[in-house]
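Enquirer: Sharing a structure with you now.
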Number of protein chains: 2
Amino acid sequence: MSSSTSGTKPMLRALAGETVSPAPFWLMRQAGRYLPEYREVRSRLSGFLELCYTPELATEVTLQPLRRYGMDAAILFSDILVIPDALGQNVAFREGEGPSLTPIRSAADLDKLDPSRLHTHLAPVYETVRRLSKAIPPQTTLIGFAGAPWTIATYMFEGGGSRDFIDVKTAAYGQPGLFQAAIDLVVEATADYLVAQIEAGAEAVQLFDSWAGVLPEEEFRRWVIAPNRAIVEKVKSRKPGIPVIGFPRGAGPLYEAFAAETGVDAVSLDTTVPLSWAAERLQTKCAVQGNLDPIMLVVGGEAMDGAIDRILEAFGKGPFSFNLGHGILQTTPPENVARLAERVKRRR
Amino acid sequence: MSSSTSGTKPMLRALAGETVSPAPFWLMRQAGRYLPEYREVRSRLSGFLELCYTPELATEVTLQPLRRYGMDAAILFSDILVIPDALGQNVAFREGEGPSLTPIRSAADLDKLDPSRLHTHLAPVYETVRRLSKAIPPQTTLIGFAGAPWTIATYMFEGGGSRDFIDVKTAAYGQPGLFQAAIDLVVEATADYLVAQIEAGAEAVQLFDSWAGVLPEEEFRRWVIAPNRAIVEKVKSRKPGIPVIGFPRGAGPLYEAFAAETGVDAVSLDTTVPLSWAAERLQTKCAVQGNLDPIMLVVGGEAMDGAIDRILEAFGKGPFSFNLGHGILQTTPPENVARLAERVKRRR
């Protein structure tokens, strides 16, 4: 925990339901390839996960965007797939190809996973959080994170990224017992992982449910809302007062049920969530975060300025932190991020 | 036009706002690779578009699913990319790779496209519609279709399918004048194309906006709602009384503005649209169509039965036609389609 009291940090105030002006901001994947200093660090290592598991370098890349742009939050540099990796479903990242895992096909595959390895395997991540909590500026909030169970399960059952989610949905629809067991395993591991991040110094946590937006209502309630709620309850019972941000990307109208039923303190809005609808239906239930299109940050200029202003206008009268609707793209010109930071900070 | 009066066909009654029991049904991409008789016809030709441009064979594959399952609608067998192909931006389909076009990058690229080629190039499609209008059973409605402009533009600017829509969004956000000119060109061509389909015998038309669900609200209004509305107005002014179905796939809460503002007679719902929300917010504005997950049709059995029943229950008290939320997958067991047809038809 940094030396200032939590109550004075703009990001934590917004997550507690205050209207903060100017709005605090950070950007998903703010540490990344668009920064030359990130590419320099990354080039020293052969594997992507190696960077996540090397506290000195993970700390360094987490801090890089703060030095340039003074975001109100630092987000731990890591990856959502460290959970299946820690459970023993080894994850490989091949250059330009995305992650690759041996897919779960049966109860026997699932039984091979071993939750007892979790904290040993993830000790370097906790060490990164400890270093960050000492290194970030006093007004900056340290955010930890994990993937939400449905999204983690998509990788576990597909064996990597997917366009059509056929394997994971076939399991969820056709073998709901097996699939529930996998979700339960990930719920437990994720709650333990987030609690350990909080003990190491994380002041808030975000659950990324990147593939929440592909399910029908019935299955969304079962595989998105219920597991997110279970993790929120577990974390809050063990670490009262730590805010949780949910991100059911692509949830559409179901963002409303997610905000009302999971117990999250804030929802992170994807790019497609309509502003006026979200101000009326979501921001009245919890804080909101978002939702500039990352491609607008690549385009920059007056088009970006207008899009930023519309978001600030829509959400500026309630609890809100400015962010993107999805992670920064690697083709983003760093000067566009500076322009964004300047524009968000000068608005009040 | 088939010999029966339109008013007695279940699909047309539903599109006119009547509650029809049992609900009429058809399935997006009901003619396709999951059927062995389709694969047999397809194997006779080298290219996919060749099938779309061969009236005898396009008619045959359109009729194949009706013989097996007795759907209430036949949908013209064609592809949304015949429009850029007809305008001179030649489209190639490579086996297992999806479509490929030379992408539009400048006003000069756009100027090369030639709308005067439209009807000559698409004459075989109109001939297919004429043959179908004579060949389908008397209670079956013949649906024509086209892609909506935003979706067509994604292919035109990306040069094919896309995961991230960077090229098309960069054009839409950064060169809105050029992009508007492209959209306007597609609006005109699409309206002309649909009117010609109607003159050849189509009794209803559907506009597929498959990539509507990737835009922020402001851009959704400009590039999805406005062009769909422009086409609906043009078609209805020239062919009064012909119903138009809109399909802004992935539009989330913006389905509501789409249903209220485009003038469509029905909206086709993607798999993720929540049933109770759609019954309350959409079915009160127009007819609805949808929205079983195509992967549920692959899984089949009691899981599928339950999902079908939930949809029939939610929408059965208003204007509704049963369908999928997206096209049939090629791994679909034909017997699962038979089970679906039987279940939808016996409900009343």
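Identifiers in the structure tokens: chain A, B, ... in order shown; residue index from 1 per chain; ligand index from 1 in order shown.
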Write out as a count of residues only all residues of segment 85-156 of chain B that DSSP puts in helix (DSSP H, G or I) for this structure's backbone.
Expert: 37
Enquirer: Give as a PyMOL selection string every residue of chain A that touches chain B within 7 Å, counting only C-alpha atoms.
Expert: chain A and resi 166+169-170+173-174+213-217+252-253+271-274+295-296+299+303
Enquirer: Within 10 Å of Pro115 of chain A, counting only C-alpha atoms, which residues show up once you throw out same-chain ones fewer than 6 positions away? Write them as a PDB file with N, CA and C atoms, in the first residue's frame, please.
Expert:
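In the end it all went to selection.pdb:
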```pdb
ATOM      1  N   ILE A  83      -3.433 -17.916 -14.833  1.00  0.00           N
ATOM      2  CA  ILE A  83      -4.207 -18.864 -14.003  1.00  0.00           C
ATOM      3  C   ILE A  83      -4.185 -20.287 -14.583  1.00  0.00           C
ATOM      4  N   PRO A  84      -4.612 -20.508 -15.842  1.00  0.00           N
ATOM      5  CA  PRO A  84      -4.443 -21.884 -16.351  1.00  0.00           C
ATOM      6  C   PRO A  84      -2.983 -22.334 -16.342  1.00  0.00           C
ATOM      7  N   ALA A  86      -0.731 -21.546 -14.140  1.00  0.00           N
ATOM      8  CA  ALA A  86      -0.410 -21.920 -12.754  1.00  0.00           C
ATOM      9  C   ALA A  86      -1.058 -23.245 -12.363  1.00  0.00           C
ATOM     10  N   LEU A  87      -2.227 -23.530 -12.931  1.00  0.00           N
ATOM     11  CA  LEU A  87      -2.925 -24.777 -12.599  1.00  0.00           C
ATOM     12  C   LEU A  87      -2.304 -25.979 -13.309  1.00  0.00           C
ATOM     13  N   GLY A  88      -1.368 -25.713 -14.228  1.00  0.00           N
ATOM     14  CA  GLY A  88      -0.677 -26.807 -14.896  1.00  0.00           C
ATOM     15  C   GLY A  88      -1.085 -27.044 -16.333  1.00  0.00           C
ATOM     16  N   LEU A 185     -13.478 -24.500 -10.426  1.00  0.00           N
ATOM     17  CA  LEU A 185     -12.035 -24.525 -10.189  1.00  0.00           C
ATOM     18  C   LEU A 185     -11.423 -23.144 -10.423  1.00  0.00           C
ATOM     19  N   VAL A 186     -11.836 -22.502 -11.502  1.00  0.00           N
ATOM     20  CA  VAL A 186     -11.281 -21.182 -11.829  1.00  0.00           C
ATOM     21  C   VAL A 186     -11.782 -20.119 -10.843  1.00  0.00           C
ATOM     22  N   GLU A 188     -12.387 -20.532  -7.649  1.00  0.00           N
ATOM     23  CA  GLU A 188     -11.591 -20.661  -6.419  1.00  0.00           C
ATOM     24  C   GLU A 188     -10.184 -20.112  -6.621  1.00  0.00           C
ATOM     25  N   ALA A 189      -9.557 -20.524  -7.714  1.00  0.00           N
ATOM     26  CA  ALA A 189      -8.178 -20.095  -7.961  1.00  0.00           C
ATOM     27  C   ALA A 189      -8.099 -18.580  -8.135  1.00  0.00           C
TER      28      ALA A 189
END
```
Enquirer: From segment 132-171 of chain A, collect each residue whose DSSP state is strand (DSSP E) and return the set as a short mmCIF file (atom, residue, chain, number, x, y, z; two decimals) with C-alpha atoms, in the first residue's frame.
Expert:
```cif
data_model
loop_
_atom_site.label_atom_id
_atom_site.label_comp_id
_atom_site.auth_asym_id
_atom_site.auth_seq_id
_atom_site.Cartn_x
_atom_site.Cartn_y
_atom_site.Cartn_z
CA THR A 141 -3.94 3.66 -7.40
CA LEU A 142 -2.50 0.18 -7.88
CA ILE A 143 -4.94 -2.12 -9.67
CA GLY A 144 -4.54 -5.89 -9.71
CA PHE A 145 -6.49 -8.10 -12.07
CA ALA A 146 -7.50 -11.53 -13.28
CA GLY A 147 -9.55 -13.02 -16.08
#
```
Enquirer: Need to verify the contact set: Gln30 of chain A, 10 Å, only C-alpha atoms, exclusion of same-chain residues closer than 5 positions in sequence. Can you return it as a ChimeraX atom specification?
Expert: /A:35,61-66,69,71,74-75,77,323-324,327-329,337
Enquirer: Selected residues, N, CA and C atoms, written as a PDB file, in the first residue's frame, please.
Expert:
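Written file, result.pdb:
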```pdb
ATOM      1  N   LEU A  35       4.796   1.551 -26.870  1.00  0.00           N
ATOM      2  CA  LEU A  35       5.871   2.337 -26.258  1.00  0.00           C
ATOM      3  C   LEU A  35       7.231   1.753 -26.617  1.00  0.00           C
ATOM      4  N   VAL A  61       7.973  -2.177 -16.710  1.00  0.00           N
ATOM      5  CA  VAL A  61       7.037  -1.862 -17.797  1.00  0.00           C
ATOM      6  C   VAL A  61       5.707  -1.327 -17.256  1.00  0.00           C
ATOM      7  N   THR A  62       5.320  -1.756 -16.062  1.00  0.00           N
ATOM      8  CA  THR A  62       4.107  -1.180 -15.456  1.00  0.00           C
ATOM      9  C   THR A  62       4.275   0.319 -15.229  1.00  0.00           C
ATOM     10  N   LEU A  63       5.486   0.720 -14.823  1.00  0.00           N
ATOM     11  CA  LEU A  63       5.727   2.132 -14.481  1.00  0.00           C
ATOM     12  C   LEU A  63       5.920   3.022 -15.710  1.00  0.00           C
ATOM     13  N   GLN A  64       6.326   2.436 -16.832  1.00  0.00           N
ATOM     14  CA  GLN A  64       6.672   3.244 -18.017  1.00  0.00           C
ATOM     15  C   GLN A  64       5.579   4.237 -18.439  1.00  0.00           C
ATOM     16  N   PRO A  65       4.334   3.810 -18.616  1.00  0.00           N
ATOM     17  CA  PRO A  65       3.318   4.783 -19.067  1.00  0.00           C
ATOM     18  C   PRO A  65       3.031   5.865 -18.019  1.00  0.00           C
ATOM     19  N   LEU A  66       3.195   5.524 -16.736  1.00  0.00           N
ATOM     20  CA  LEU A  66       2.957   6.541 -15.695  1.00  0.00           C
ATOM     21  C   LEU A  66       3.938   7.697 -15.837  1.00  0.00           C
ATOM     22  N   TYR A  69       2.669   9.773 -18.928  1.00  0.00           N
ATOM     23  CA  TYR A  69       1.316  10.329 -19.025  1.00  0.00           C
ATOM     24  C   TYR A  69       0.632  10.577 -17.680  1.00  0.00           C
ATOM     25  N   MET A  71      -0.976   8.635 -15.509  1.00  0.00           N
ATOM     26  CA  MET A  71      -2.288   8.044 -15.247  1.00  0.00           C
ATOM     27  C   MET A  71      -2.591   7.995 -13.748  1.00  0.00           C
ATOM     28  N   ALA A  74      -2.092   2.549 -11.874  1.00  0.00           N
ATOM     29  CA  ALA A  74      -1.140   1.615 -12.469  1.00  0.00           C
ATOM     30  C   ALA A  74      -1.809   0.261 -12.455  1.00  0.00           C
ATOM     31  N   ILE A  75      -1.778  -0.435 -13.575  1.00  0.00           N
ATOM     32  CA  ILE A  75      -2.307  -1.801 -13.558  1.00  0.00           C
ATOM     33  C   ILE A  75      -1.143  -2.759 -13.704  1.00  0.00           C
ATOM     34  N   PHE A  77       1.385  -5.372 -14.616  1.00  0.00           N
ATOM     35  CA  PHE A  77       1.659  -5.992 -15.901  1.00  0.00           C
ATOM     36  C   PHE A  77       1.656  -7.500 -15.735  1.00  0.00           C
ATOM     37  N   ASN A 323     -11.395   5.713 -19.587  1.00  0.00           N
ATOM     38  CA  ASN A 323     -10.574   4.597 -20.038  1.00  0.00           C
ATOM     39  C   ASN A 323     -10.916   4.337 -21.502  1.00  0.00           C
ATOM     40  N   LEU A 324     -10.316   3.309 -22.052  1.00  0.00           N
ATOM     41  CA  LEU A 324     -10.696   2.824 -23.373  1.00  0.00           C
ATOM     42  C   LEU A 324     -11.798   1.773 -23.222  1.00  0.00           C
ATOM     43  N   GLY A 327      -8.221  -2.830 -24.994  1.00  0.00           N
ATOM     44  CA  GLY A 327      -6.812  -2.486 -24.804  1.00  0.00           C
ATOM     45  C   GLY A 327      -6.217  -1.621 -25.912  1.00  0.00           C
ATOM     46  N   ILE A 328      -5.194  -0.858 -25.553  1.00  0.00           N
ATOM     47  CA  ILE A 328      -4.457  -0.041 -26.528  1.00  0.00           C
ATOM     48  C   ILE A 328      -3.897  -0.935 -27.639  1.00  0.00           C
ATOM     49  N   LEU A 329      -3.978  -0.436 -28.866  1.00  0.00           N
ATOM     50  CA  LEU A 329      -3.395  -1.158 -30.002  1.00  0.00           C
ATOM     51  C   LEU A 329      -1.921  -0.806 -30.155  1.00  0.00           C
ATOM     52  N   VAL A 337      -1.669   9.487 -27.163  1.00  0.00           N
ATOM     53  CA  VAL A 337      -1.965   9.211 -25.750  1.00  0.00           C
ATOM     54  C   VAL A 337      -1.707  10.471 -24.924  1.00  0.00           C
TER      55      VAL A 337
END
```
Enquirer: What lies within 10 Å of Cys52 of chain A using only C-alpha atoms, ignoring chain neighbours under 2 positions off, as number ranges by chain?
Expert: A: 47-50, 54-59, 61, 76-79, 82, 122, 124-125, 128
Enquirer: Mind writing the picked residues with N, CA and C atoms as a compact mmCIF listing (two decimals), in the first residue's frame?
Expert:
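This went into result.txt:
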```txt
# COMPACT_ATOMS: atom_id res chain seq x y z
N GLY A 47 10.23 -15.11 -24.13
CA GLY A 47 8.80 -15.41 -24.03
C GLY A 47 8.02 -14.31 -23.34
N PHE A 48 6.75 -14.19 -23.72
CA PHE A 48 5.90 -13.16 -23.12
C PHE A 48 5.63 -13.44 -21.65
N LEU A 49 5.31 -14.69 -21.33
CA LEU A 49 5.02 -15.01 -19.93
C LEU A 49 6.25 -14.82 -19.04
N GLU A 50 7.42 -14.99 -19.63
CA GLU A 50 8.66 -14.75 -18.89
C GLU A 50 8.70 -13.31 -18.34
N THR A 54 8.87 -12.05 -14.26
CA THR A 54 10.15 -11.44 -13.85
C THR A 54 9.86 -10.11 -13.16
N PRO A 55 9.80 -10.11 -11.82
CA PRO A 55 9.32 -8.92 -11.10
C PRO A 55 10.04 -7.63 -11.47
N GLU A 56 11.34 -7.67 -11.64
CA GLU A 56 12.06 -6.44 -11.94
C GLU A 56 11.56 -5.82 -13.25
N LEU A 57 11.40 -6.66 -14.26
CA LEU A 57 11.00 -6.13 -15.57
C LEU A 57 9.49 -5.85 -15.64
N ALA A 58 8.69 -6.69 -15.01
CA ALA A 58 7.24 -6.43 -14.99
C ALA A 58 6.96 -5.12 -14.25
N THR A 59 7.72 -4.87 -13.18
CA THR A 59 7.58 -3.59 -12.46
C THR A 59 7.96 -2.43 -13.38
N VAL A 61 7.97 -2.18 -16.71
CA VAL A 61 7.04 -1.86 -17.80
C VAL A 61 5.71 -1.33 -17.26
N LEU A 76 -1.07 -3.66 -12.75
CA LEU A 76 -0.10 -4.75 -12.77
C LEU A 76 0.13 -5.26 -14.19
N PHE A 77 1.39 -5.37 -14.62
CA PHE A 77 1.66 -5.99 -15.90
C PHE A 77 1.66 -7.50 -15.73
N SER A 78 0.70 -8.15 -16.34
CA SER A 78 0.61 -9.61 -16.27
C SER A 78 -0.32 -10.05 -17.40
N ASP A 79 -0.83 -11.25 -17.32
CA ASP A 79 -1.74 -11.76 -18.35
C ASP A 79 -2.81 -12.61 -17.68
N VAL A 82 -2.19 -16.49 -16.81
CA VAL A 82 -1.32 -17.06 -15.77
C VAL A 82 -2.10 -18.03 -14.89
N LEU A 122 2.71 -18.44 -8.85
CA LEU A 122 2.41 -17.02 -9.04
C LEU A 122 3.17 -16.10 -8.09
N PRO A 124 6.10 -14.82 -8.26
CA PRO A 124 6.72 -13.65 -8.91
C PRO A 124 5.73 -12.52 -9.20
N VAL A 125 4.47 -12.88 -9.47
CA VAL A 125 3.47 -11.83 -9.71
C VAL A 125 3.23 -11.05 -8.42
N THR A 128 5.96 -8.67 -7.89
CA THR A 128 5.80 -7.47 -8.73
C THR A 128 4.84 -6.48 -8.06
```
Enquirer: Pick out the residues sitting within 6 Å of segment 256-258 of chain A, and hand them over as number ranges by chain; count only C-alpha atoms, and ignore anything fewer than 3 positions along from it in its own chain.
Expert: A: 225, 261-262
Enquirer: Closest to Ile136 of chain A among A:Pro319, A:Ala287, A:Gly70, A:Ala226, using only C-alpha atoms?
Expert: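 Going through A:Pro319, A:Ala287, A:Gly70, A:Ala226 one by one, the smallest distance to Ile136 of chain A is for A:Gly70.
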Enquirer: Within 9 Å of Ala260 of chain B, counting only C-alpha atoms, which residues show up once you throw out same-chain ones fewer than 6 positions away? Write them as a list in words, please.
Expert: Leu282, Lys285 and Cys286 of chain B
Enquirer: Could you save the residues just selected, with C-alpha atoms, as a PDB file, in the first residue's frame?
Expert:
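Now in selection.pdb:
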```
ATOM      1  CA  LEU B 282     -38.317  -4.440 -29.410  1.00  0.00           C
ATOM      2  CA  LYS B 285     -42.055  -1.664 -31.915  1.00  0.00           C
ATOM      3  CA  CYS B 286     -41.920  -4.250 -34.704  1.00  0.00           C
TER       4      CYS B 286
END
```
Enquirer: Go through A:Ser21, A:Thr8, A:Ser100, A:Ser237 and flag the residue nearest Glu158 of chain A, using only C-alpha atoms for the distances.
Expert: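 Going through A:Ser21, A:Thr8, A:Ser100, A:Ser237 one by one, the smallest distance to Glu158 of chain A is for A:Ser100.
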